[in-house]
Amino acid sequence: MENKCIKTYNLEDIMKDKGLLTGWIECELETKTPIFIPNTTNNDIFHFRTKNNEQVQSYEFYSYEDLSEENNPDRTPSKKPIIPGSEIRGMIRTSFEAVTNSCLSTINEGQILYRRVSIPAEPGRIERKDDNAWQIQPCNKYKLNIRRFQQEINGFVEGEPISFTANQKLYITKINNQGTGIKGYFHQGEKMDRKNNESVFVPNLEKTAFPISSDALKNYLENLKLYSDKNVNLHYKDKEHTGYNKITAKKENDLDGALIYYKEYKIQSNNKTFRKLYLCPAQIGREIFYMTLSKVIGTYTPCNLMKELCQACLLFGFTSSEDQLASRIRFCDAFPIKDITKEDYFTQGIIDELASPKLTAAEFYLKKSSAKDNSEVHLWNYDYAGGWKKENKKYTNEFITMPNYKAMIKGRKFYWHQKNKKINLKGKESETITIRNIGIRPLKQNIKFSFKVYFNHIREEELKKLIWVLEIGNYQNNAHKIGMGKSLGLGSVRINVKEIKTRRIKIKNKTINYKIKNDLNVLNEVRTSEHPNEFLGCESNVLNAFIRMTNFEDSPQNVSYPINIGEEFHYKWFVVNKNFLPGSTGMRPIINQSLPENVNNPNLYKYLRR
Ligand SMILES: [Zn+2]
C-alpha cells in the first residue's frame with residue numbers, strides 16, 4: 001500500500017465529460033485450478049456426518065437450481081453451473097482497489113481489536129468515587145476451593161462481600177457467617193472443566209487506589225462482550241471456556257464494585273507519558289485495544305462522502321450512512337461455454353478446515369517498527385510496541401514501550417495461487433471430519449465460461465483501467481482468485497476480454513440512432529501499454545507486488561497456513577511463534593516471525609517441537 005489513499009474524485013466532474021462511453025465487454029473466463037462457489041439453497045446436500053452423527057454442512061456447486069427439496073446425495077450435478085456476477089464483481093473490485101490506490105471498501109471498521117495475553121494481570125476492584133470519578137483499588141487474591149465450598153459458591157453472587165479465615169498461602173479455610181475475620185469479595189472465574197479454585201478479592205490498603213478513565217471502563221465492557229461471543233473463543237477446545245455467567249455488567253453504571261484484573265503500560269508520546277490500563281475478568285485473558293481499525297488504516301477507510309471518492313468507489317459505487325452512489329458497471333453471471341458433464345466435476349468430498357488469520361494476529365497484519373535508539377522490539381500490536389529490558393545481559397520482566405509508536409498495517413489481503421496443489425477431498429468415511437469442515441463438489445480446471453460486463457457513462461480512461469484489471473494487463477501467466485477455499489488452492493481463474501462494444505447515440509433529423517461499435521483499439525492500447533501504473537494510478541512497486549501475487553504459472557510451491565513440523569493444527573504455529581524469551585516460563589512473550597513484506601521471498605519457518 002502507499003502512504004495515502006487518493007480520494008479526490010466525484011461523479012459531477014465525470015458527468016461534465018462529453019465523450020462518456022456506454023456499452024459492454026464480452027469476457028471469457030477459464031478455471032485454472034478447481035473452483036467452488038456454493039449453491040446455498042441446501043446446506044446438507046451430500047448428507048455428510050461426523051463420527052458422532054453430527055451434520056457437516058455440504059453444498060452443491062452454484063446454479064439456478066433450487067435444491068431446497070433435493071434429497072438424493074448421489075444426484076447428478078447441474079449441466080449449467082454458474083459463476084454469479086456478484087462473485088466476479090467482488091473479485092475484480094479487490095484487484096481494482098489495489099492497482100488504483102483506492103480505499104479498503106470491505107473492511108469492517110467497527111471490529112474490536114484485541115490480543116490474548118500470557119502474563120497474569122493484577123487483581124483489583126473498580127470503585128466509584130463520585131459521579132464522574134472512578135478508581136481501581138488494588139487487591140490481594142484469596143483462593144476458595146471449589147470442591148470444599150461448592151455449596152457456598154453456588155449461593156454467592158459476583159462481588160458478594162464475604163468474611164473468612166485463611167491460611168498463610170491465602171487459601172480460605174473457613175467462611176464466617178458472623179462477619180468476623182478477613183473481609184473480601186467473591187469473584188467467579190470463567191467456567192472451565194478443570195479448575196480448582198474460585199477467588200475472593202481483598203482490598204490491599206497498602207497500595208493506593210488510582211484513577212481510571214471512562215475509556216478504560218468502556219474497553220472493559222467490550223471485553224466482557226467478547227467472553228460471551230462463541231466465535232471469539234473458537235481457538236479453545238470446545239466446551240472448555242463458556243464465559244462468565246455470574247457477571248452481568250452491561251453499562252458503566254453497573255461497574256461500581258466490579259472485580260477485575262488490570263495491567264498497566266506506560267506509553268510515551270510527544271515526550272509525555274500516558275498510562276494505558278487494560279481490564280479483564282480473567283487473570284490471564286485479553287487486552288482490548290484502544291486503537292480502532294479506522295485509525296490504523298487512516299485514509300484507506302471506506303469512502304463515505306460523495307465529493308471525496310477513490311477511483312474504485314467512483315466506478316463501483318458505495319454506500320455509507322451519509323451518502324450512496326450507484327455503480328456504473330454491472331457484472332452478469334458467467335455461463336459455461338459448453339454443456340458440463342459429471343466428469344467436469346470432482347466427486348463430492350470434504351475439504352480441509354478453512355481458517356484465516358484474525359485481525360488480532362499482529363504478526364500477520366502489522367508492520368514491525370524499529371526503535372530509533374535501536375533497542376530491541378520483541379512485541380508489537382495495535383496500541384503499543386516494545387521490548388523486554390536487559391540488565392547484565394539478561395532479560396528482565398520489565399517491558400519497555402517504544403516512544404511515539406503508531407501501528408501500521410502491512411497492506412491488502414491477497415491469496416497466492418497454488419498451481420500444482422492437489423486438492424484433498426475426504427470421503428464420507430473419513431474419521432477426522434468435524435462440524436467445522438465443509439463438504440463441496442468443485443468444478444475442475446480448464447473449463448471455460450463467458451460473461452458480460454455492462455458499463456454506463458464511463459470515461460475512456462476508466463474503461464482502460466477496467467480492462468487492465470480484468471485481464472491483468474497482458475500478463476498471460478496471471479490470474480484472479482474466486483469463491484471458496486482460496487487458501488487451500490482453489491479458485492484460480494483467468495479472464496480474457498473478447499470484445500468491447502460501445503454504443504454511440506446520434507440524434508439525426510429528430511430520430512435517435514444507436515450505433516454499436518466494436519472498440520478494439522482501447523483493448524490494444526491497454527495490452528501494449530508499457531507502464532500501466534501511469535494510467536492505473538498506483539506506484540510501480542505496488543503494481544509489481546500485484547503482478548507477483550497474481551502470477552499463476554510461477555506461483556510459490558507448498559503454500560499453506562503456517563504449521564509446525566509433525567503437527568496438524570495451525571494455531572500451534574502461532575503459539576510457538578509467541579515463543580518466550582529464554583530464562584523464564586511464559587513471562588516474556590515475543591513475536592518471533594512476522595509475515596514477510598517482500599512478496600519475492602514470502603517464506604515463514606516451521607518449528608520443530610521437542
Ligand atoms: Zn473508496
# chains A, B, ... in the order shown; residues from 1 in each chain; ligands from 1
>>> select_by_dssp(residues="segment 329-536 of chain A", states="strand (DSSP E or B)", output="count of residues only")
73
>>> residues_around(residues="segment 529-541 of chain A", least_positions_apart="6", cutoff="7 Å", atoms="only C-alpha atoms", output="ChimeraX atom specification")
/A:99-101,465
>>> write_last_selection(atoms="C-alpha atoms", output="PDB file, in the first residue's frame")
ATOM      1  CA  VAL A  99      -3.866  -1.095  -8.513  1.00  0.00           C
ATOM      2  CA  THR A 100      -5.678   2.257  -8.366  1.00  0.00           C
ATOM      3  CA  ASN A 101      -4.637   3.107  -4.800  1.00  0.00           C
ATOM      4  CA  LYS A 465      -8.436   0.520 -16.085  1.00  0.00           C
TER       5      LYS A 465
END
>>> atom_distance(atom1="atom CA of Asn437 of chain A", atom2="atom CA of Lys32 of chain A")
24.2 Å
>>> closest_residue(among="A:His47, A:Lys307, A:Lys367, A:Lys410", to="ligand 1", atoms="only C-alpha atoms and all ligand atoms")
A:Lys307
>>> closest_atom_pairs(of="chain A", to="ligand 1", cutoff="6 Å", atoms="only C-alpha atoms and all ligand atoms", output="Markdown table")
| residue | atom | partner | partner_atom_place_in_ligand_line | distance |
| --- | --- | --- | --- | --- |
| A:Ser102 | CA | ligand 1 | 1 (Zn) | 5.6 |
| A:Cys103 | CA | ligand 1 | 1 (Zn) | 4.2 |
| A:Ser105 | CA | ligand 1 | 1 (Zn) | 5.9 |
| A:Pro302 | CA | ligand 1 | 1 (Zn) | 5.2 |
| A:Cys303 | CA | ligand 1 | 1 (Zn) | 4.1 |
| A:Leu309 | CA | ligand 1 | 1 (Zn) | 5.4 |
| A:Cys310 | CA | ligand 1 | 1 (Zn) | 4.3 |
| A:Ala312 | CA | ligand 1 | 1 (Zn) | 5.7 |
| A:Cys313 | CA | ligand 1 | 1 (Zn) | 4.2 |
>>> write_last_selection(atoms="N, CA and C atoms", output="compact mmCIF listing (two decimals), in the first residue's frame")
# COMPACT_ATOMS: atom_id res chain seq x y z
N SER A 102 -6.94 2.69 -4.20
CA SER A 102 -8.27 3.03 -3.68
C SER A 102 -8.44 2.56 -2.25
N CYS A 103 -9.62 2.87 -1.70
CA CYS A 103 -9.86 2.56 -0.29
C CYS A 103 -10.06 1.05 -0.08
N SER A 105 -12.57 -1.05 0.75
CA SER A 105 -14.02 -0.89 0.90
C SER A 105 -14.67 -1.99 1.72
N PRO A 302 -13.11 3.04 4.21
CA PRO A 302 -14.07 3.08 3.11
C PRO A 302 -14.60 4.50 2.88
N CYS A 303 -14.73 4.89 1.62
CA CYS A 303 -15.22 6.23 1.29
C CYS A 303 -16.62 6.41 1.85
N LEU A 309 -14.23 10.79 -3.38
CA LEU A 309 -14.22 9.36 -3.65
C LEU A 309 -12.88 8.88 -4.19
N CYS A 310 -12.60 7.62 -3.91
CA CYS A 310 -11.46 6.99 -4.56
C CYS A 310 -11.93 6.50 -5.93
N ALA A 312 -12.08 3.50 -7.18
CA ALA A 312 -12.91 2.29 -7.16
C ALA A 312 -14.34 2.63 -6.77
N CYS A 313 -14.50 3.43 -5.72
CA CYS A 313 -15.86 3.80 -5.29
C CYS A 313 -16.55 4.62 -6.38
>>> residues_around(residues="Ile92 of chain A", least_positions_apart="6", cutoff="9 Å", atoms="only C-alpha atoms", output="JSON, numbers by chain")
{"A": [466, 469, 470, 480]}
>>> write_last_selection(atoms="C-alpha atoms", output="PDB file, in the first residue's frame")
ATOM      1  CA  LEU A 466     -11.290  -1.929 -16.009  1.00  0.00           C
ATOM      2  CA  VAL A 469      -7.761  -5.327 -14.229  1.00  0.00           C
ATOM      3  CA  LEU A 470      -9.995  -7.940 -15.910  1.00  0.00           C
ATOM      4  CA  HIS A 480      -7.553 -13.931 -10.213  1.00  0.00           C
TER       5      HIS A 480
END
>>> closest_residue(among="A:Thr292, A:Glu30, A:Thr299, A:Asn52", to="Asn478 of chain A", atoms="only C-alpha atoms")
A:Glu30
>>> closest_atom_pairs(of="segment 49-159 of chain A", to="segment 163-185 of chain A", cutoff="6 Å", atoms="only C-alpha atoms", output="CSV")
residue,atom,partner,partner_atom,distance
A:Tyr142,CA,A:Leu170,CA,4.9
A:Lys143,CA,A:Tyr171,CA,4.8
A:Leu144,CA,A:Ile172,CA,5.5
A:Gly159,CA,A:Tyr185,CA,5.1
>>> residues_around(residues="Pro123 of chain A", least_positions_apart="3", cutoff="8 Å", atoms="only C-alpha atoms", output="JSON list (two decimals) with N, CA and C atoms, in the first residue's frame")
[["chain", "number", "residue", "atom", "x", "y", "z"],
["A", 138, "PRO", "N", -6.24, -1.72, 44.26],
["A", 138, "PRO", "CA", -5.53, -3.00, 44.14],
["A", 138, "PRO", "C", -5.94, -3.96, 45.25],
["A", 139, "CYS", "N", -5.97, -5.22, 44.94],
["A", 139, "CYS", "CA", -6.43, -6.24, 45.89],
["A", 139, "CYS", "C", -5.42, -7.37, 46.05],
["A", 140, "ASN", "N", -5.62, -8.18, 47.07],
["A", 140, "ASN", "CA", -4.95, -9.48, 47.17],
["A", 140, "ASN", "C", -5.98, -10.54, 46.85],
["A", 141, "LYS", "N", -5.51, -11.61, 46.27],
["A", 141, "LYS", "CA", -6.44, -12.65, 45.88],
["A", 141, "LYS", "C", -6.32, -13.86, 46.81],
["A", 201, "PHE", "N", -11.46, -11.45, 46.43],
["A", 201, "PHE", "CA", -10.56, -10.28, 46.36],
["A", 201, "PHE", "C", -10.67, -9.48, 47.65],
["A", 259, "LEU", "N", -15.07, -6.67, 40.14],
["A", 259, "LEU", "CA", -13.75, -7.25, 40.42],
["A", 259, "LEU", "C", -13.09, -7.59, 39.09],
["A", 260, "ILE", "N", -11.88, -7.10, 38.93],
["A", 260, "ILE", "CA", -11.22, -7.21, 37.63],
["A", 260, "ILE", "C", -9.73, -7.54, 37.82],
["A", 261, "TYR", "N", -9.09, -7.87, 36.72],
["A", 261, "TYR", "CA", -7.63, -7.93, 36.70],
["A", 261, "TYR", "C", -7.15, -6.80, 35.82],
["A", 262, "TYR", "N", -6.09, -6.12, 36.23],
["A", 262, "TYR", "CA", -5.63, -4.99, 35.44],
["A", 262, "TYR", "C", -4.16, -5.11, 35.09],
["A", 283, "GLN", "N", -7.52, -13.55, 34.93],
["A", 283, "GLN", "CA", -6.15, -13.16, 35.27],
["A", 283, "GLN", "C", -5.23, -13.28, 34.06]]
>>> closest_residue(among="A:Ile447, A:Leu581, A:Ile495, A:Val56", to="Asp339 of chain A", atoms="only C-alpha atoms")
A:Ile447
>>> residues_around(residues="Asn518 of chain A", least_positions_apart="2", cutoff="8 Å", atoms="only C-alpha atoms", output="list of chain:residue names")
A:Glu499, A:Ile500, A:Lys501, A:Thr502, A:Ile516, A:Leu520
>>> write_last_selection(atoms="N, CA and C atoms", output="short mmCIF file (atom, residue, chain, number, x, y, z; two decimals), in the first residue's frame")
data_model
loop_
_atom_site.label_atom_id
_atom_site.label_comp_id
_atom_site.auth_asym_id
_atom_site.auth_seq_id
_atom_site.Cartn_x
_atom_site.Cartn_y
_atom_site.Cartn_z
N GLU A 499 -14.41 -9.01 -26.69
CA GLU A 499 -14.88 -7.87 -27.48
C GLU A 499 -15.31 -6.74 -26.57
N ILE A 500 -15.20 -5.53 -27.12
CA ILE A 500 -15.71 -4.37 -26.40
C ILE A 500 -16.67 -3.65 -27.32
N LYS A 501 -17.91 -3.57 -26.90
CA LYS A 501 -18.91 -2.92 -27.73
C LYS A 501 -19.29 -1.59 -27.09
N THR A 502 -19.15 -0.54 -27.83
CA THR A 502 -19.62 0.74 -27.32
C THR A 502 -20.80 1.22 -28.15
N ILE A 516 -23.68 0.60 -32.62
CA ILE A 516 -22.83 -0.26 -31.80
C ILE A 516 -21.52 -0.45 -32.54
N LEU A 520 -11.97 -2.19 -30.46
CA LEU A 520 -10.79 -2.97 -30.06
C LEU A 520 -9.53 -2.13 -29.91
#
>>> residues_around(residues="Thr550 of chain A", least_positions_apart="5", cutoff="10 Å", atoms="only C-alpha atoms", output="list in words")
Ser95, Phe414, Tyr415, Trp416, His417, Ile472, Tyr475, Asn477, Asn478, Ala479, His480, Lys481, Ser492, Asn544, Ala545 and Ser555 of chain A
>>> write_last_selection(atoms="C-alpha atoms", output="PDB file, in the first residue's frame")
ATOM      1  CA  SER A  95      -7.870  -6.025  -7.627  1.00  0.00           C
ATOM      2  CA  PHE A 414      -4.373 -11.430  -1.357  1.00  0.00           C
ATOM      3  CA  TYR A 415      -4.073 -15.185  -1.735  1.00  0.00           C
ATOM      4  CA  TRP A 416      -1.232 -16.923  -3.531  1.00  0.00           C
ATOM      5  CA  HIS A 417      -2.093 -19.165  -6.435  1.00  0.00           C
ATOM      6  CA  ILE A 472      -4.336  -8.318 -15.556  1.00  0.00           C
ATOM      7  CA  TYR A 475       0.254 -10.878 -18.195  1.00  0.00           C
ATOM      8  CA  ASN A 477       0.513 -16.106 -16.757  1.00  0.00           C
ATOM      9  CA  ASN A 478      -1.552 -14.237 -14.208  1.00  0.00           C
ATOM     10  CA  ALA A 479      -4.952 -14.994 -12.773  1.00  0.00           C
ATOM     11  CA  HIS A 480      -7.553 -13.931 -10.213  1.00  0.00           C
ATOM     12  CA  LYS A 481      -8.940 -15.912  -7.278  1.00  0.00           C
ATOM     13  CA  SER A 492      -7.747 -19.525  -9.737  1.00  0.00           C
ATOM     14  CA  ASN A 544       4.962  -5.068  -9.219  1.00  0.00           C
ATOM     15  CA  ALA A 545       3.752  -6.653  -5.995  1.00  0.00           C
ATOM     16  CA  SER A 555       3.328 -19.305  -8.042  1.00  0.00           C
TER      17      SER A 555
END
>>> closest_residue(among="A:Ile6, A:Ile467, A:Leu29, A:Leu305", to="Gln445 of chain A", atoms="only C-alpha atoms")
A:Leu29
>>> residues_around(residues="Lys250 of chain A", least_positions_apart="2", cutoff="9 Å", atoms="only C-alpha atoms", output="PyMOL selection string")
chain A and resi 221+224-225+248+252-255
>>> write_last_selection(atoms="N, CA and C atoms", output="CSV table (one decimal), in the first residue's frame")
chain,number,residue,atom,x,y,z
A,221,LEU,N,-16.0,-3.2,29.2
A,221,LEU,CA,-17.3,-3.7,28.9
A,221,LEU,C,-17.3,-4.5,27.5
A,224,LEU,N,-15.9,-7.9,28.2
A,224,LEU,CA,-17.0,-8.8,28.7
A,224,LEU,C,-17.8,-9.4,27.6
A,225,LYS,N,-18.2,-8.5,26.6
A,225,LYS,CA,-19.0,-8.9,25.5
A,225,LYS,C,-18.3,-10.0,24.7
A,248,THR,N,-22.8,-9.7,35.2
A,248,THR,CA,-23.9,-9.2,34.4
A,248,THR,C,-23.8,-7.7,33.9
A,252,GLU,N,-21.6,1.3,32.1
A,252,GLU,CA,-20.6,1.9,33.1
A,252,GLU,C,-21.2,1.9,34.5
A,253,ASN,N,-22.5,2.3,34.7
A,253,ASN,CA,-23.1,2.4,36.0
A,253,ASN,C,-23.1,1.0,36.7
A,254,ASP,N,-23.0,-0.1,36.0
A,254,ASP,CA,-23.0,-1.4,36.6
A,254,ASP,C,-21.7,-1.8,37.2
A,255,LEU,N,-20.7,-0.9,37.0
A,255,LEU,CA,-19.3,-1.4,37.3
A,255,LEU,C,-18.8,-1.0,38.7
>>> atom_distance(atom1="atom CA of Gly23 of chain A", atom2="atom CA of Asp519 of chain A")
9.9 Å
>>> closest_residue(among="A:Asn424, A:Ser594, A:Asn600, A:Ser213", to="Glu363 of chain A", atoms="only C-alpha atoms")
A:Ser594
>>> closest_residue(among="A:Ile329, A:Asn42, A:Phe318, A:Met549", to="Ser86 of chain A", atoms="only C-alpha atoms")
A:Ile329
